[in-house]
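*Asks:* Below is a structure I'd like to ask you about.
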Amino acid sequence: AQTVTQSQPEMSVQEAETVTLSCTYDTSESDYYLFWYKQPPSRQMILVIRQEAYKQQNATENRFSVNFQKAAKSFSLKISDSQLGDAAMYFCAYRPALGTSGSRLTFGEGTQLTVNP
Amino acid sequence: DAGVIQSPRHEVTEMGQEVTLRCKPISGHDYLFWYRQTMMRGLELLIYFNNNVPIDDSGMPEDRFSAKMPNASFSTLKIQPSEPRDSAVYFCASSFRGWNEQFFGPGTRLTVL
């Protein structure tokens, strides 16, 4: 079974600084997808960024980028120029690419990010 | 685009009562997912549907939980009888094809007293 681990329950960053959130996962699959979701106090789950395992290039979305290390099964999220609106719970998630479980998302425990003004 | 719609947003009930949570997926999406979020267990998938057919219900905790999708625009998650340990936030999500992004609804916060 796939597992996703986020070892940092809480992180904090100063506004305009950079912060990196860690995520590791365990799978025997060779093809899969990884995601970072953001959950602000409103509870809404918002997709931040996604990475296809077959792509070597790290995904980037504006101030958000990932460091995907397939061999190490590591998938960290870097937030540059942090803004107050980035404060939220961040979840790392895994999904297999194929098979009957190909639609199932497995989430990590979450990292609560605080942005200090 | 109204997004995924869930109702009610909050539900408070007493132990033993029946609870029905409702979800309207995004129009045109053919996959629908029900998740539960608790402090102890985090976010976990309960069940998902493809074209109104349940595909994987292995996450449904026990027989007290049931889910239906009578048509492409409506799904329910029912708990009967409810117990205090069912207190959680229940999310519905939908996607177009199983491999695309899942769009989440705002969630229903259920409190069972």
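Here, A, B, ... name the chains of the structure tokens in the order displayed, residue numbers run from 1 inside each chain, and ligands are numbered from 1 in the same displayed order.
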Tell me, as a list of chain:residue names, which residues lie within 12 Å of A:Leu84, counting only C-alpha atoms; anything in the same chain fewer than 5 positions away does not count.

*Replies:*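 Contacts, with the query itself left out: A:Ser12, A:Val13, A:Gln14, A:Glu15, A:Ala16, A:Glu17, A:Pro40, A:Ile79, A:Leu113, A:Thr114, A:Val115, A:Asn116, A:Pro117.
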
*Asks:* If we count only C-alpha atoms and set the cut-off at 12 Å, which residues sit around A:Arg43, ignoring sequence neighbours fewer than 5 positions away in its own chain? Please answer as a PDB file with C-alpha atoms, in the first residue's frame.

*Replies:*
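Contents of out.pdb, as written:
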ATOM      1  CA  TYR A  37      -2.965  20.814  -1.879  1.00  0.00           C
ATOM      2  CA  LYS A  38      -3.551  23.892   0.244  1.00  0.00           C
ATOM      3  CA  ALA A  88      -2.712  27.326   5.449  1.00  0.00           C
ATOM      4  CA  MET A  89      -2.459  23.597   5.978  1.00  0.00           C
ATOM      5  CA  TYR A  90      -0.548  21.983   3.123  1.00  0.00           C
TER       6      TYR A  90
ATOM      7  CA  ARG B   9     -22.206  23.096   5.436  1.00  0.00           C
ATOM      8  CA  GLN B  37     -11.097  14.454   7.402  1.00  0.00           C
ATOM      9  CA  VAL B  89     -15.462  17.106   7.947  1.00  0.00           C
ATOM     10  CA  TYR B  90     -16.773  15.250   4.917  1.00  0.00           C
ATOM     11  CA  PHE B  91     -15.593  16.391   1.496  1.00  0.00           C
ATOM     12  CA  PHE B 104     -13.151  19.663  -3.859  1.00  0.00           C
ATOM     13  CA  GLY B 105     -16.332  21.038  -2.384  1.00  0.00           C
ATOM     14  CA  PRO B 106     -16.319  23.220   0.739  1.00  0.00           C
ATOM     15  CA  GLY B 107     -17.002  20.252   3.009  1.00  0.00           C
ATOM     16  CA  THR B 108     -19.680  19.433   5.562  1.00  0.00           C
ATOM     17  CA  ARG B 109     -18.687  19.669   9.212  1.00  0.00           C
TER      18      ARG B 109
END

*Asks:* Could you name the residues that touch B:Leu45 at 8 Å or less, counting only C-alpha atoms, but leaving out those on the same chain fewer than 5 positions away, as an MDAnalysis selection string?

*Replies:* (chainID A and resid 104:106) or (chainID B and resid 33:36 59)

*Asks:* With only C-alpha atoms as the basis for distance, which of A:Asn67, A:Thr24, A:Ser30, A:Ser82 is at the shortest distance from A:Arg50?

*Replies:*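 The shortest atom-to-atom distance to A:Arg50 comes from A:Asn67.
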
*Asks:* What's around A:Thr111 at 9 Å? Count only C-alpha atoms, leave out sequence neighbours fewer than 2 positions away in its own chain, and write the answer as a list in words.

*Replies:*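 The filter keeps Gln6, Ser7, Gln8, Pro9, Glu10, Met11, Leu21, Ser22, Ala88, Met89, Tyr90, Phe91, Cys92, Gly108, Glu109 and Leu113 of chain A.
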
*Asks:* So which residues of chain A fall under strand (DSSP E or B) by DSSP, listed as a compact mmCIF listing (two decimals) with all heavy atoms, in the first residue's frame?

*Replies:*
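Result file states02.txt:
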# COMPACT_ATOMS: atom_id res chain seq x y z
N THR A 3 2.00 4.95 1.00
CA THR A 3 1.92 5.83 2.16
C THR A 3 2.59 7.15 1.81
O THR A 3 3.52 7.20 1.01
CB THR A 3 2.59 5.22 3.40
OG1 THR A 3 3.96 4.96 3.09
CG2 THR A 3 1.91 3.94 3.83
N VAL A 4 2.11 8.20 2.43
CA VAL A 4 2.66 9.54 2.26
C VAL A 4 2.96 10.10 3.64
O VAL A 4 2.08 10.06 4.51
CB VAL A 4 1.68 10.45 1.51
CG1 VAL A 4 2.25 11.85 1.36
CG2 VAL A 4 1.35 9.87 0.14
N THR A 5 4.16 10.63 3.82
CA THR A 5 4.57 11.12 5.13
C THR A 5 5.04 12.57 5.04
O THR A 5 5.89 12.90 4.22
CB THR A 5 5.72 10.25 5.70
OG1 THR A 5 5.29 8.89 5.78
CG2 THR A 5 6.12 10.73 7.08
N GLU A 10 4.29 21.49 11.72
CA GLU A 10 4.15 22.95 11.68
C GLU A 10 5.42 23.57 11.12
O GLU A 10 6.53 23.09 11.39
CB GLU A 10 3.90 23.50 13.08
CG GLU A 10 2.62 23.02 13.74
CD GLU A 10 2.45 23.56 15.13
OE1 GLU A 10 3.43 24.10 15.69
OE2 GLU A 10 1.34 23.44 15.69
N MET A 11 5.23 24.64 10.36
CA MET A 11 6.35 25.43 9.86
C MET A 11 5.94 26.89 9.92
O MET A 11 4.75 27.23 9.84
CB MET A 11 6.69 25.05 8.42
CG MET A 11 7.28 23.67 8.24
SD MET A 11 9.00 23.61 8.72
CE MET A 11 9.76 24.47 7.31
N SER A 12 6.94 27.76 10.02
CA SER A 12 6.65 29.18 9.98
C SER A 12 7.69 29.87 9.10
O SER A 12 8.81 29.37 8.94
CB SER A 12 6.64 29.79 11.38
OG SER A 12 7.92 29.68 11.97
N VAL A 13 7.29 30.98 8.53
CA VAL A 13 8.17 31.73 7.63
C VAL A 13 7.83 33.21 7.74
O VAL A 13 6.68 33.58 8.02
CB VAL A 13 7.99 31.24 6.17
CG1 VAL A 13 6.57 31.49 5.66
CG2 VAL A 13 9.02 31.87 5.25
N GLN A 14 8.82 34.04 7.55
CA GLN A 14 8.59 35.48 7.51
C GLN A 14 8.07 35.85 6.13
O GLN A 14 8.49 35.28 5.11
CB GLN A 14 9.88 36.24 7.80
CG GLN A 14 10.37 36.13 9.24
CD GLN A 14 9.39 36.76 10.22
OE1 GLN A 14 8.96 36.11 11.18
NE2 GLN A 14 9.03 38.00 9.96
N VAL A 19 10.25 29.24 2.03
CA VAL A 19 10.08 28.10 2.93
C VAL A 19 9.93 26.83 2.11
O VAL A 19 9.40 26.87 0.99
CB VAL A 19 8.85 28.31 3.84
CG1 VAL A 19 7.56 28.35 3.03
CG2 VAL A 19 8.77 27.25 4.93
N THR A 20 10.42 25.73 2.66
CA THR A 20 10.32 24.43 1.99
C THR A 20 9.60 23.44 2.89
O THR A 20 10.00 23.24 4.05
CB THR A 20 11.71 23.89 1.62
OG1 THR A 20 12.34 24.81 0.71
CG2 THR A 20 11.60 22.54 0.95
N LEU A 21 8.56 22.82 2.35
CA LEU A 21 7.80 21.80 3.06
C LEU A 21 8.20 20.42 2.52
O LEU A 21 8.28 20.23 1.31
CB LEU A 21 6.30 22.02 2.87
CG LEU A 21 5.78 23.42 3.17
CD1 LEU A 21 4.26 23.46 3.02
CD2 LEU A 21 6.21 23.90 4.53
N THR A 24 7.64 12.72 1.88
CA THR A 24 8.18 11.48 1.35
C THR A 24 7.04 10.51 1.16
O THR A 24 6.00 10.62 1.80
CB THR A 24 9.25 10.86 2.28
OG1 THR A 24 8.65 10.61 3.57
CG2 THR A 24 10.44 11.77 2.44
N TYR A 25 7.25 9.55 0.27
CA TYR A 25 6.19 8.61 -0.03
C TYR A 25 6.80 7.23 -0.28
O TYR A 25 8.01 7.11 -0.51
CB TYR A 25 5.37 9.07 -1.25
CG TYR A 25 6.21 9.27 -2.48
CD1 TYR A 25 6.35 8.26 -3.43
CD2 TYR A 25 6.89 10.47 -2.69
CE1 TYR A 25 7.14 8.44 -4.55
CE2 TYR A 25 7.66 10.66 -3.81
CZ TYR A 25 7.80 9.64 -4.73
OH TYR A 25 8.59 9.83 -5.83
N ASP A 26 5.97 6.25 -0.20
CA ASP A 26 6.42 4.88 -0.41
C ASP A 26 5.49 4.24 -1.42
O ASP A 26 4.27 4.24 -1.25
CB ASP A 26 6.40 4.09 0.90
CG ASP A 26 7.00 2.71 0.74
OD1 ASP A 26 7.82 2.53 -0.18
OD2 ASP A 26 6.66 1.81 1.52
N TYR A 32 3.26 7.43 -11.54
CA TYR A 32 2.29 7.95 -10.57
C TYR A 32 2.30 9.47 -10.65
O TYR A 32 3.09 10.07 -11.41
CB TYR A 32 2.61 7.47 -9.14
CG TYR A 32 4.06 7.63 -8.74
CD1 TYR A 32 4.54 8.83 -8.21
CD2 TYR A 32 4.96 6.58 -8.92
CE1 TYR A 32 5.86 8.97 -7.86
CE2 TYR A 32 6.29 6.72 -8.58
CZ TYR A 32 6.74 7.91 -8.04
OH TYR A 32 8.06 8.05 -7.70
N TYR A 33 1.43 10.09 -9.87
CA TYR A 33 1.34 11.55 -9.80
C TYR A 33 1.46 11.98 -8.34
O TYR A 33 1.00 11.28 -7.43
CB TYR A 33 0.00 12.03 -10.36
CG TYR A 33 -0.19 11.72 -11.82
CD1 TYR A 33 -0.70 10.49 -12.23
CD2 TYR A 33 0.14 12.65 -12.80
CE1 TYR A 33 -0.87 10.20 -13.57
CE2 TYR A 33 -0.04 12.36 -14.15
CZ TYR A 33 -0.53 11.14 -14.52
OH TYR A 33 -0.70 10.85 -15.85
N LEU A 34 2.03 13.14 -8.17
CA LEU A 34 2.16 13.73 -6.84
C LEU A 34 1.56 15.13 -6.85
O LEU A 34 1.64 15.84 -7.87
CB LEU A 34 3.63 13.80 -6.41
CG LEU A 34 4.32 12.44 -6.26
CD1 LEU A 34 5.83 12.61 -6.23
CD2 LEU A 34 3.84 11.73 -5.00
N PHE A 35 0.97 15.50 -5.74
CA PHE A 35 0.26 16.78 -5.66
C PHE A 35 0.57 17.46 -4.34
O PHE A 35 0.87 16.81 -3.33
CB PHE A 35 -1.26 16.55 -5.72
CG PHE A 35 -1.75 15.77 -6.89
CD1 PHE A 35 -1.75 14.38 -6.87
CD2 PHE A 35 -2.23 16.41 -8.03
CE1 PHE A 35 -2.19 13.64 -7.94
CE2 PHE A 35 -2.68 15.67 -9.11
CZ PHE A 35 -2.66 14.29 -9.06
N TRP A 36 0.46 18.77 -4.36
CA TRP A 36 0.38 19.56 -3.13
C TRP A 36 -0.96 20.30 -3.15
O TRP A 36 -1.26 21.00 -4.12
CB TRP A 36 1.52 20.56 -3.03
CG TRP A 36 2.80 19.96 -2.53
CD1 TRP A 36 3.87 19.55 -3.27
CD2 TRP A 36 3.15 19.71 -1.17
NE1 TRP A 36 4.86 19.06 -2.46
CE2 TRP A 36 4.44 19.15 -1.16
CE3 TRP A 36 2.51 19.92 0.06
CZ2 TRP A 36 5.10 18.79 0.02
CZ3 TRP A 36 3.15 19.56 1.22
CH2 TRP A 36 4.44 19.00 1.19
N TYR A 37 -1.71 20.11 -2.06
CA TYR A 37 -2.96 20.81 -1.88
C TYR A 37 -2.82 21.78 -0.71
O TYR A 37 -2.12 21.51 0.26
CB TYR A 37 -4.12 19.84 -1.57
CG TYR A 37 -4.74 19.17 -2.77
CD1 TYR A 37 -4.20 17.99 -3.28
CD2 TYR A 37 -5.87 19.71 -3.38
CE1 TYR A 37 -4.78 17.37 -4.38
CE2 TYR A 37 -6.45 19.09 -4.47
CZ TYR A 37 -5.90 17.92 -4.96
OH TYR A 37 -6.48 17.30 -6.05
N LYS A 38 -3.52 22.88 -0.81
CA LYS A 38 -3.55 23.89 0.24
C LYS A 38 -4.95 23.93 0.84
O LYS A 38 -5.94 23.90 0.10
CB LYS A 38 -3.21 25.25 -0.37
CG LYS A 38 -3.45 26.47 0.49
CD LYS A 38 -3.15 27.73 -0.33
CE LYS A 38 -3.46 28.98 0.46
NZ LYS A 38 -3.20 30.21 -0.33
N GLN A 39 -5.02 23.98 2.19
CA GLN A 39 -6.31 24.08 2.85
C GLN A 39 -6.27 25.27 3.81
O GLN A 39 -5.77 25.17 4.93
CB GLN A 39 -6.67 22.80 3.61
CG GLN A 39 -8.07 22.82 4.20
CD GLN A 39 -8.42 21.54 4.92
OE1 GLN A 39 -7.61 20.93 5.61
NE2 GLN A 39 -9.67 21.10 4.78
N ILE A 46 -7.47 23.26 -2.18
CA ILE A 46 -7.07 23.92 -3.41
C ILE A 46 -5.80 23.27 -3.93
O ILE A 46 -4.81 23.16 -3.19
CB ILE A 46 -6.83 25.42 -3.16
CG1 ILE A 46 -8.09 26.07 -2.57
CG2 ILE A 46 -6.41 26.12 -4.45
CD1 ILE A 46 -7.83 27.42 -1.95
N LEU A 47 -5.82 22.84 -5.18
CA LEU A 47 -4.62 22.26 -5.77
C LEU A 47 -3.59 23.36 -6.01
O LEU A 47 -3.88 24.36 -6.64
CB LEU A 47 -4.95 21.57 -7.09
CG LEU A 47 -3.76 20.93 -7.80
CD1 LEU A 47 -3.21 19.77 -6.99
CD2 LEU A 47 -4.17 20.45 -9.19
N VAL A 48 -2.38 23.14 -5.51
CA VAL A 48 -1.29 24.10 -5.67
C VAL A 48 -0.42 23.74 -6.87
O VAL A 48 -0.10 24.58 -7.71
CB VAL A 48 -0.43 24.16 -4.39
CG1 VAL A 48 0.78 25.07 -4.60
CG2 VAL A 48 -1.27 24.64 -3.21
N ILE A 49 -0.05 22.45 -6.94
CA ILE A 49 0.90 22.04 -7.97
C ILE A 49 0.85 20.53 -8.11
O ILE A 49 0.51 19.82 -7.15
CB ILE A 49 2.33 22.53 -7.61
CG1 ILE A 49 3.25 22.53 -8.82
CG2 ILE A 49 2.90 21.74 -6.46
CD1 ILE A 49 4.53 23.33 -8.59
N ARG A 50 1.16 20.02 -9.31
CA ARG A 50 1.19 18.59 -9.55
C ARG A 50 2.46 18.22 -10.29
O ARG A 50 3.01 19.03 -11.04
CB ARG A 50 -0.04 18.14 -10.32
CG ARG A 50 -0.16 18.74 -11.70
CD ARG A 50 -1.42 18.27 -12.40
NE ARG A 50 -1.27 16.92 -12.95
CZ ARG A 50 -2.28 16.21 -13.42
NH1 ARG A 50 -3.50 16.67 -13.37
NH2 ARG A 50 -2.07 15.00 -13.92
N GLN A 51 2.87 16.97 -10.11
CA GLN A 51 4.09 16.47 -10.75
C GLN A 51 3.83 15.07 -11.27
O GLN A 51 3.33 14.21 -10.52
CB GLN A 51 5.23 16.44 -9.72
CG GLN A 51 6.51 15.80 -10.20
CD GLN A 51 7.35 16.71 -11.08
OE1 GLN A 51 7.52 17.88 -10.79
NE2 GLN A 51 7.89 16.17 -12.15
N GLU A 52 4.15 14.84 -12.54
CA GLU A 52 4.06 13.49 -13.09
C GLU A 52 5.39 12.79 -12.86
O GLU A 52 6.45 13.37 -13.14
CB GLU A 52 3.75 13.54 -14.59
CG GLU A 52 2.36 14.03 -14.93
CD GLU A 52 2.24 15.55 -14.98
OE1 GLU A 52 3.23 16.24 -14.64
OE2 GLU A 52 1.17 16.04 -15.34
N THR A 60 6.61 23.85 -11.73
CA THR A 60 6.64 25.21 -11.19
C THR A 60 5.32 25.90 -11.51
O THR A 60 4.81 25.77 -12.62
CB THR A 60 7.79 26.02 -11.80
OG1 THR A 60 9.03 25.39 -11.49
CG2 THR A 60 7.82 27.43 -11.24
N GLU A 61 4.79 26.59 -10.51
CA GLU A 61 3.59 27.40 -10.68
C GLU A 61 3.81 28.72 -9.94
O GLU A 61 3.62 28.83 -8.74
CB GLU A 61 2.35 26.68 -10.11
CG GLU A 61 1.86 25.52 -10.91
CD GLU A 61 1.19 25.91 -12.21
OE1 GLU A 61 0.79 27.08 -12.36
OE2 GLU A 61 1.06 25.04 -13.08
N PHE A 64 5.43 28.89 -6.54
CA PHE A 64 5.48 27.54 -5.98
C PHE A 64 6.28 26.63 -6.92
O PHE A 64 6.06 26.63 -8.12
CB PHE A 64 4.07 26.98 -5.81
CG PHE A 64 3.21 27.76 -4.86
CD1 PHE A 64 2.49 28.87 -5.30
CD2 PHE A 64 3.13 27.41 -3.53
CE1 PHE A 64 1.70 29.60 -4.41
CE2 PHE A 64 2.35 28.12 -2.64
CZ PHE A 64 1.63 29.22 -3.08
N SER A 65 7.18 25.88 -6.36
CA SER A 65 7.95 24.92 -7.14
C SER A 65 8.20 23.68 -6.28
O SER A 65 8.07 23.72 -5.06
CB SER A 65 9.28 25.52 -7.61
OG SER A 65 10.07 25.87 -6.49
N VAL A 66 8.51 22.59 -6.96
CA VAL A 66 8.78 21.35 -6.24
C VAL A 66 10.18 20.87 -6.53
O VAL A 66 10.78 21.20 -7.55
CB VAL A 66 7.76 20.24 -6.61
CG1 VAL A 66 6.35 20.66 -6.24
CG2 VAL A 66 7.87 19.86 -8.07
N ASN A 67 10.69 20.07 -5.60
CA ASN A 67 11.93 19.34 -5.80
C ASN A 67 11.57 17.86 -5.74
O ASN A 67 11.34 17.31 -4.66
CB ASN A 67 12.95 19.69 -4.72
CG ASN A 67 14.30 19.00 -4.95
OD1 ASN A 67 14.51 18.32 -5.96
ND2 ASN A 67 15.21 19.17 -4.02
N PHE A 68 11.48 17.24 -6.89
CA PHE A 68 11.05 15.85 -7.01
C PHE A 68 12.28 14.97 -7.17
O PHE A 68 13.02 15.08 -8.16
CB PHE A 68 10.11 15.71 -8.21
CG PHE A 68 9.73 14.29 -8.53
CD1 PHE A 68 9.29 13.42 -7.56
CD2 PHE A 68 9.82 13.83 -9.85
CE1 PHE A 68 8.93 12.12 -7.86
CE2 PHE A 68 9.46 12.53 -10.16
CZ PHE A 68 9.02 11.67 -9.18
N GLN A 69 12.49 14.11 -6.20
CA GLN A 69 13.61 13.18 -6.22
C GLN A 69 13.03 11.76 -6.25
O GLN A 69 12.71 11.19 -5.20
CB GLN A 69 14.50 13.38 -4.98
CG GLN A 69 15.09 14.77 -4.84
CD GLN A 69 16.14 15.04 -5.89
OE1 GLN A 69 16.86 14.14 -6.31
NE2 GLN A 69 16.23 16.29 -6.31
N SER A 74 11.05 11.47 -2.67
CA SER A 74 10.91 12.72 -1.95
C SER A 74 10.26 13.75 -2.86
O SER A 74 10.55 13.81 -4.07
CB SER A 74 12.28 13.21 -1.49
OG SER A 74 12.23 14.51 -0.99
N PHE A 75 9.39 14.58 -2.28
CA PHE A 75 8.63 15.55 -3.08
C PHE A 75 8.39 16.77 -2.21
O PHE A 75 7.37 16.88 -1.54
CB PHE A 75 7.31 14.90 -3.51
CG PHE A 75 6.42 15.75 -4.38
CD1 PHE A 75 6.85 16.20 -5.61
CD2 PHE A 75 5.14 16.08 -3.97
CE1 PHE A 75 6.02 16.98 -6.42
CE2 PHE A 75 4.30 16.86 -4.77
CZ PHE A 75 4.75 17.30 -6.00
N SER A 76 9.31 17.72 -2.23
CA SER A 76 9.19 18.89 -1.37
C SER A 76 8.60 20.07 -2.13
O SER A 76 8.75 20.18 -3.35
CB SER A 76 10.53 19.25 -0.77
OG SER A 76 11.46 19.56 -1.79
N LEU A 77 7.95 20.94 -1.41
CA LEU A 77 7.33 22.14 -1.97
C LEU A 77 8.07 23.37 -1.49
O LEU A 77 8.25 23.55 -0.27
CB LEU A 77 5.86 22.24 -1.54
CG LEU A 77 5.12 23.52 -1.95
CD1 LEU A 77 4.89 23.56 -3.46
CD2 LEU A 77 3.77 23.63 -1.21
N LYS A 78 8.50 24.20 -2.41
CA LYS A 78 9.16 25.45 -2.07
C LYS A 78 8.23 26.61 -2.39
O LYS A 78 7.71 26.71 -3.52
CB LYS A 78 10.48 25.62 -2.82
CG LYS A 78 11.25 26.87 -2.39
CD LYS A 78 12.65 26.92 -2.96
CE LYS A 78 12.67 27.42 -4.38
NZ LYS A 78 14.05 27.67 -4.88
N ILE A 79 8.03 27.46 -1.42
CA ILE A 79 7.22 28.67 -1.59
C ILE A 79 8.16 29.86 -1.49
O ILE A 79 8.79 30.08 -0.45
CB ILE A 79 6.10 28.79 -0.54
CG1 ILE A 79 5.25 27.51 -0.51
CG2 ILE A 79 5.22 30.00 -0.82
CD1 ILE A 79 4.21 27.48 0.61
N ALA A 88 -1.72 28.39 5.65
CA ALA A 88 -2.71 27.33 5.45
C ALA A 88 -2.11 26.00 5.88
O ALA A 88 -0.93 25.91 6.22
CB ALA A 88 -3.12 27.24 3.98
N MET A 89 -2.95 24.97 5.84
CA MET A 89 -2.46 23.60 5.98
C MET A 89 -2.13 23.11 4.58
O MET A 89 -2.93 23.29 3.65
CB MET A 89 -3.53 22.72 6.62
CG MET A 89 -3.11 21.28 6.83
SD MET A 89 -1.95 21.08 8.18
CE MET A 89 -3.09 20.94 9.55
N TYR A 90 -0.97 22.51 4.42
CA TYR A 90 -0.55 21.98 3.12
C TYR A 90 -0.48 20.46 3.18
O TYR A 90 0.16 19.89 4.07
CB TYR A 90 0.81 22.56 2.71
CG TYR A 90 0.71 24.00 2.27
CD1 TYR A 90 0.67 25.03 3.22
CD2 TYR A 90 0.64 24.33 0.92
CE1 TYR A 90 0.55 26.34 2.82
CE2 TYR A 90 0.53 25.65 0.52
CZ TYR A 90 0.47 26.65 1.47
OH TYR A 90 0.36 27.96 1.07
N PHE A 91 -1.10 19.84 2.20
CA PHE A 91 -1.13 18.38 2.13
C PHE A 91 -0.41 17.91 0.88
O PHE A 91 -0.66 18.41 -0.22
CB PHE A 91 -2.57 17.86 2.09
CG PHE A 91 -3.33 18.05 3.36
CD1 PHE A 91 -4.16 19.16 3.52
CD2 PHE A 91 -3.25 17.13 4.40
CE1 PHE A 91 -4.87 19.34 4.70
CE2 PHE A 91 -3.96 17.31 5.57
CZ PHE A 91 -4.76 18.42 5.71
N CYS A 92 0.44 16.93 1.07
CA CYS A 92 1.06 16.22 -0.02
C CYS A 92 0.17 15.01 -0.35
O CYS A 92 -0.39 14.39 0.58
CB CYS A 92 2.45 15.76 0.42
SG CYS A 92 3.40 14.82 -0.78
N ALA A 93 0.02 14.69 -1.62
CA ALA A 93 -0.86 13.57 -1.99
C ALA A 93 -0.25 12.79 -3.14
O ALA A 93 0.47 13.34 -3.99
CB ALA A 93 -2.24 14.08 -2.36
N TYR A 94 -0.58 11.51 -3.17
CA TYR A 94 -0.06 10.57 -4.17
C TYR A 94 -1.22 9.90 -4.89
O TYR A 94 -2.25 9.60 -4.26
CB TYR A 94 0.78 9.51 -3.45
CG TYR A 94 1.10 8.28 -4.26
CD1 TYR A 94 2.33 8.16 -4.92
CD2 TYR A 94 0.20 7.23 -4.39
CE1 TYR A 94 2.63 7.03 -5.67
CE2 TYR A 94 0.49 6.11 -5.14
CZ TYR A 94 1.70 6.01 -5.78
OH TYR A 94 1.99 4.90 -6.52
N ARG A 95 -1.05 9.67 -6.19
CA ARG A 95 -2.05 8.91 -6.92
C ARG A 95 -1.37 8.02 -7.94
O ARG A 95 -0.52 8.49 -8.70
CB ARG A 95 -3.02 9.86 -7.63
CG ARG A 95 -4.09 9.13 -8.41
CD ARG A 95 -5.16 10.08 -8.91
NE ARG A 95 -4.68 11.03 -9.91
CZ ARG A 95 -4.36 10.75 -11.15
NH1 ARG A 95 -4.43 9.52 -11.59
NH2 ARG A 95 -3.96 11.71 -11.97
N PRO A 96 -1.72 6.72 -7.98
CA PRO A 96 -1.15 5.85 -9.00
C PRO A 96 -1.60 6.30 -10.38
O PRO A 96 -2.65 6.93 -10.52
CB PRO A 96 -1.71 4.46 -8.68
CG PRO A 96 -2.30 4.58 -7.33
CD PRO A 96 -2.64 6.01 -7.11
N THR A 106 -3.98 9.42 -1.99
CA THR A 106 -3.54 9.15 -0.62
C THR A 106 -2.84 10.41 -0.12
O THR A 106 -1.88 10.88 -0.74
CB THR A 106 -2.58 7.96 -0.57
OG1 THR A 106 -3.24 6.79 -1.07
CG2 THR A 106 -2.12 7.70 0.86
N PHE A 107 -3.30 10.91 1.02
CA PHE A 107 -2.80 12.17 1.55
C PHE A 107 -1.82 11.96 2.70
O PHE A 107 -1.92 10.98 3.45
CB PHE A 107 -3.95 13.03 2.08
CG PHE A 107 -4.81 13.63 1.01
CD1 PHE A 107 -5.92 12.95 0.53
CD2 PHE A 107 -4.52 14.88 0.49
CE1 PHE A 107 -6.72 13.50 -0.46
CE2 PHE A 107 -5.32 15.44 -0.50
CZ PHE A 107 -6.42 14.75 -0.97
N THR A 111 1.00 19.80 6.84
CA THR A 111 1.93 20.72 7.50
C THR A 111 1.22 22.06 7.62
O THR A 111 0.78 22.63 6.62
CB THR A 111 3.22 20.91 6.69
OG1 THR A 111 3.92 19.67 6.62
CG2 THR A 111 4.11 21.96 7.35
N GLN A 112 1.11 22.55 8.84
CA GLN A 112 0.47 23.84 9.08
C GLN A 112 1.51 24.95 8.90
O GLN A 112 2.49 25.01 9.65
CB GLN A 112 -0.11 23.91 10.49
CG GLN A 112 -0.82 25.22 10.81
CD GLN A 112 -2.08 25.40 9.99
OE1 GLN A 112 -2.94 24.53 9.93
NE2 GLN A 112 -2.20 26.55 9.33
N LEU A 113 1.31 25.80 7.90
CA LEU A 113 2.25 26.88 7.61
C LEU A 113 1.72 28.19 8.16
O LEU A 113 0.60 28.59 7.85
CB LEU A 113 2.49 27.00 6.11
CG LEU A 113 3.41 28.16 5.69
CD1 LEU A 113 4.83 27.90 6.20
CD2 LEU A 113 3.41 28.33 4.18
N THR A 114 2.55 28.85 8.94
CA THR A 114 2.25 30.18 9.46
C THR A 114 3.17 31.18 8.77
O THR A 114 4.37 30.94 8.64
CB THR A 114 2.47 30.25 10.98
OG1 THR A 114 1.63 29.29 11.62
CG2 THR A 114 2.18 31.64 11.52
N VAL A 115 2.60 32.29 8.31
CA VAL A 115 3.39 33.35 7.68
C VAL A 115 3.36 34.56 8.61
O VAL A 115 2.28 35.11 8.88
CB VAL A 115 2.84 33.71 6.29
CG1 VAL A 115 3.69 34.80 5.66
CG2 VAL A 115 2.81 32.47 5.40
N ASN A 116 4.52 34.94 9.07
CA ASN A 116 4.62 36.07 10.01
C ASN A 116 4.89 37.38 9.28
O ASN A 116 5.76 37.43 8.41
CB ASN A 116 5.75 35.80 11.01
CG ASN A 116 5.51 34.53 11.82
OD1 ASN A 116 4.45 34.35 12.38
ND2 ASN A 116 6.49 33.66 11.85

*Asks:* I want to know what sits within 8 Å of B:Ser7, based on only C-alpha atoms, with residues of the same chain fewer than 6 positions away left out; could you give that as JSON, numbers by chain?

*Replies:* {"B": [21, 22, 23, 108]}

*Asks:* Write a file of the just-selected residues containing C-alpha atoms, as an mmCIF file, in the first residue's frame.

*Replies:*
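Contents of result18.cif, as written:
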data_model
loop_
_atom_site.group_PDB
_atom_site.id
_atom_site.type_symbol
_atom_site.label_atom_id
_atom_site.label_comp_id
_atom_site.auth_asym_id
_atom_site.auth_seq_id
_atom_site.Cartn_x
_atom_site.Cartn_y
_atom_site.Cartn_z
ATOM 1 C CA LEU B 21 -24.860 14.578 3.292
ATOM 2 C CA ARG B 22 -25.381 15.811 -0.240
ATOM 3 C CA CYS B 23 -23.104 16.624 -3.134
ATOM 4 C CA THR B 108 -19.680 19.433 5.562
#

*Asks:* Choose the residue, out of B:Ser82, B:Gln17, B:Ser95, B:Ser75, that has the smallest atom-to-atom separation from chain A; count only C-alpha atoms.

*Replies:*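 Looking at the shortest contact to chain A, the residue is B:Ser95.
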
*Asks:* Using only C-alpha atoms, select each residue of chain A with any atom at most 6 Å away from an atom of chain B, and give the selection as number ranges by chain.

*Replies:* A: 44-45, 103, 109

*Asks:* Hey, can you spit out that residue selection with N, CA and C atoms as a JSON list (two decimals), in the first residue's frame?

*Replies:*
[["chain", "number", "residue", "atom", "x", "y", "z"],
["A", 44, "GLN", "N", -11.54, 24.92, 2.28],
["A", 44, "GLN", "CA", -11.53, 24.56, 0.88],
["A", 44, "GLN", "C", -10.19, 23.92, 0.50],
["A", 45, "MET", "N", -10.21, 22.80, -0.17],
["A", 45, "MET", "CA", -8.99, 22.14, -0.65],
["A", 45, "MET", "C", -8.67, 22.69, -2.03],
["A", 103, "SER", "N", -7.48, 6.27, -9.46],
["A", 103, "SER", "CA", -8.13, 7.53, -9.12],
["A", 103, "SER", "C", -8.02, 7.85, -7.64],
["A", 109, "GLU", "N", -0.11, 13.72, 6.32],
["A", 109, "GLU", "CA", -0.77, 14.21, 7.53],
["A", 109, "GLU", "C", -0.98, 15.72, 7.52]]
